[in-house]
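Enquirer: Sharing upload_39.txt below, compact mmCIF, C-alpha atoms:
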```txt
# COMPACT_ATOMS: atom_id res chain seq x y z
CA MET A 1 -1.49 44.48 14.11
CA SER A 2 2.25 44.59 14.86
CA VAL A 3 1.93 41.67 17.30
CA LEU A 4 0.21 39.68 14.60
CA LEU A 5 3.04 40.48 12.20
CA LEU A 6 5.63 39.39 14.76
CA VAL A 7 3.89 36.01 14.89
CA ILE A 8 3.11 35.52 11.22
CA LEU A 9 6.32 36.74 9.60
CA PRO A 10 8.53 34.07 11.23
CA MET A 11 5.96 31.51 10.07
CA LEU A 12 6.28 32.81 6.52
CA ALA A 13 10.06 32.60 6.79
CA SER A 14 9.76 29.01 7.98
CA LEU A 15 7.41 28.26 5.07
CA GLU A 16 9.91 29.68 2.60
CA GLN A 17 12.74 27.70 4.20
CA PHE A 18 10.64 24.51 4.03
CA MET A 19 9.83 25.09 0.37
CA LEU A 20 13.51 25.59 -0.39
CA SER A 21 14.61 22.50 1.53
CA SER A 22 11.92 20.28 -0.01
CA GLY A 23 12.96 21.20 -3.55
CA ARG A 24 9.72 23.01 -4.37
CA GLY A 25 11.41 26.20 -5.43
CA THR A 26 11.54 29.46 -3.57
CA GLY A 27 7.81 29.91 -3.35
CA GLU A 28 8.62 33.61 -3.44
CA SER A 29 5.37 34.62 -5.09
CA CYS A 30 3.35 32.61 -2.58
CA VAL A 31 5.22 34.11 0.36
CA GLN A 32 4.95 37.62 -1.11
CA GLU A 33 1.19 37.18 -1.57
CA LEU A 34 0.91 36.06 2.05
CA ILE A 35 2.86 39.10 3.20
CA MET A 36 0.62 41.34 1.14
CA ALA A 37 -2.47 39.72 2.63
CA VAL A 38 -1.17 40.10 6.19
CA THR A 39 0.22 43.61 5.93
CA GLY A 40 -2.28 45.00 3.45
CA ASP A 41 0.69 46.48 1.61
CA GLU A 42 0.37 45.97 -2.12
CA THR A 43 3.94 47.11 -2.75
CA ALA A 44 5.25 44.15 -0.74
CA ALA A 45 4.19 41.80 -3.53
CA THR A 46 5.86 43.83 -6.25
CA GLY A 47 9.01 44.59 -4.30
CA ASP A 48 8.78 48.35 -4.89
CA MET A 49 9.11 49.09 -1.21
CA PRO A 50 10.60 46.63 1.28
CA ALA A 51 7.70 46.30 3.73
CA TYR A 52 9.20 43.57 5.87
CA GLN A 53 12.27 41.47 5.48
CA ILE A 54 11.76 37.72 5.61
CA ARG A 55 14.45 36.01 7.63
CA THR A 56 15.01 32.44 8.62
CA PRO A 57 14.57 31.75 12.33
CA SER A 58 17.79 32.45 14.19
CA THR A 59 17.31 29.77 16.83
CA THR A 60 16.97 26.12 16.06
CA LEU A 61 16.49 23.23 18.41
CA PRO A 62 19.27 20.69 18.82
CA GLN A 63 18.77 17.47 16.93
CA GLY A 64 16.53 15.05 18.83
CA VAL A 65 14.77 17.75 20.84
CA VAL A 66 11.14 18.26 19.93
CA MET A 67 9.03 21.19 21.05
CA ALA A 68 6.06 20.12 23.13
CA ALA A 69 2.57 21.59 22.97
CA SER A 70 3.40 24.12 25.66
CA PRO A 71 6.72 25.97 25.56
CA GLY A 72 9.01 25.12 28.41
CA THR A 73 7.80 21.51 28.63
CA LEU A 74 10.14 19.11 26.88
CA HIS A 75 9.35 15.41 26.70
CA SER A 76 11.87 12.63 26.62
CA PRO A 77 11.96 10.26 23.64
CA GLN A 78 10.41 7.56 25.85
CA GLN A 79 7.48 9.85 26.75
CA LEU A 80 7.04 10.73 23.08
CA ALA A 81 7.00 7.03 22.16
CA GLU A 82 4.46 6.29 24.90
CA GLU A 83 2.29 9.18 23.70
CA ALA A 84 2.49 7.93 20.12
CA THR A 85 1.56 4.42 21.27
CA ARG A 86 -1.35 5.75 23.30
CA LYS A 87 -2.61 7.81 20.37
CA ARG A 88 -2.29 4.81 18.04
CA GLU A 89 -4.21 2.56 20.43
CA LEU A 90 -6.91 5.20 20.82
CA ARG A 91 -7.14 5.58 17.04
CA LEU A 92 -7.36 1.81 16.56
CA MET A 93 -10.05 1.54 19.24
CA LYS A 94 -12.10 4.31 17.62
CA ASN A 95 -11.64 2.64 14.24
CA ARG A 96 -12.84 -0.71 15.63
CA GLU A 97 -15.92 0.95 17.10
CA ALA A 98 -16.64 2.76 13.84
CA ALA A 99 -16.23 -0.47 11.85
CA LYS A 100 -18.54 -2.29 14.27
CA GLU A 101 -21.18 0.42 13.90
CA CYS A 102 -20.78 0.36 10.12
CA ARG A 103 -21.32 -3.43 10.05
CA ARG A 104 -24.40 -3.05 12.27
CA ARG A 105 -25.88 -0.40 9.99
CA LYS A 106 -25.11 -2.52 6.92
CA LYS A 107 -26.90 -5.55 8.44
CA GLU A 108 -29.89 -3.36 9.29
CA TYR A 109 -29.94 -1.97 5.75
CA ILE A 110 -29.78 -5.47 4.25
CA LYS A 111 -32.65 -6.64 6.49
CA CYS A 112 -34.74 -3.68 5.32
CA LEU A 113 -33.96 -4.50 1.70
CA GLU A 114 -34.82 -8.18 2.23
CA SER A 115 -38.15 -7.31 3.81
CA ARG A 116 -38.88 -4.89 0.98
CA VAL A 117 -38.08 -7.61 -1.56
CA ALA A 118 -40.48 -9.97 0.22
CA VAL A 119 -43.27 -7.36 0.21
CA LEU A 120 -42.67 -6.56 -3.46
CA GLU A 121 -42.65 -10.27 -4.40
CA VAL A 122 -46.03 -10.73 -2.71
CA GLN A 123 -47.36 -7.61 -4.42
CA ASN A 124 -45.99 -8.79 -7.77
CA LYS A 125 -47.60 -12.20 -7.31
CA LYS A 126 -50.98 -10.59 -6.54
CA LEU A 127 -50.70 -8.33 -9.57
CA ILE A 128 -49.87 -11.29 -11.84
CA GLU A 129 -52.90 -13.17 -10.49
CA GLU A 130 -55.08 -10.09 -11.05
CA LEU A 131 -53.73 -9.74 -14.57
CA GLU A 132 -54.54 -13.38 -15.31
CA THR A 133 -58.05 -12.92 -13.92
CA LEU A 134 -58.60 -9.82 -16.05
CA LYS A 135 -57.27 -11.63 -19.13
CA ASP A 136 -59.71 -14.47 -18.49
CA ILE A 137 -62.60 -12.02 -18.10
CA CYS A 138 -61.63 -10.14 -21.25
CA SER A 139 -61.22 -13.30 -23.33
CA SER A 140 -64.55 -14.70 -22.12
CA LYS A 141 -66.34 -11.49 -23.13
CA THR A 142 -64.91 -11.62 -26.66
CA ASP A 143 -66.00 -15.24 -27.14
```
Could I get this file's structure written as structure tokens?
Expert:
Amino acid sequence: MSVLLLVILPMLASLEQFMLSSGRGTGESCVQELIMAVTGDETAATGDMPAYQIRTPSTTLPQGVVMAASPGTLHSPQQLAEEATRKRELRLMKNREAAKECRRRKKEYIKCLESRVAVLEVQNKKLIEELETLKDICSSKTD
């Protein structure tokens, strides 16, 4: 459990720092509830006993340096731009394929509806003819 706390507590500190910097208030109650959920210590939320102290991270990256997916691997701005371009192109390609499939399904749906309309029109025409025939039979019986 202590390893988990070592990982989660800095995240909570970063969350609190983000909330402060974004003008959303301290978010103290939210952070305290998270601490209580992680540690299982109900006194952490009330402040009766200082369970763990929330601190801001002591190390920050220099401006312009971005952490990569794996620690120890830093990408240059050019590599980051190429990666972003590749991801965008992949997203656009997937979107084109999805739109193409959506149009195909829509055409198929419309064809089904058109064929159903044709069948129902024929059925309606037959029923009208039958109704007229029955009306003729009924009127001839009453005469």
Enquirer: Do you have the atom CA of Thr133 of chain A-atom CA of Ser115 of chain A distance handy?
Expert: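 Computing the Euclidean distance for atom CA of Thr133 of chain A and atom CA of Ser115 of chain A yields 27.2 Å.
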Enquirer: Please measure the separation of atom CA of Pro77 of chain A and atom CA of Leu92 of chain A, giving the value in Å to one decimal.
Expert: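 Separation between atom CA of Pro77 of chain A and atom CA of Leu92 of chain A: 22.2 Å.
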Enquirer: Interatomic distance between atom CA of Ala99 of chain A and atom CA of Arg86 of chain A?
Expert: 19.8 Å
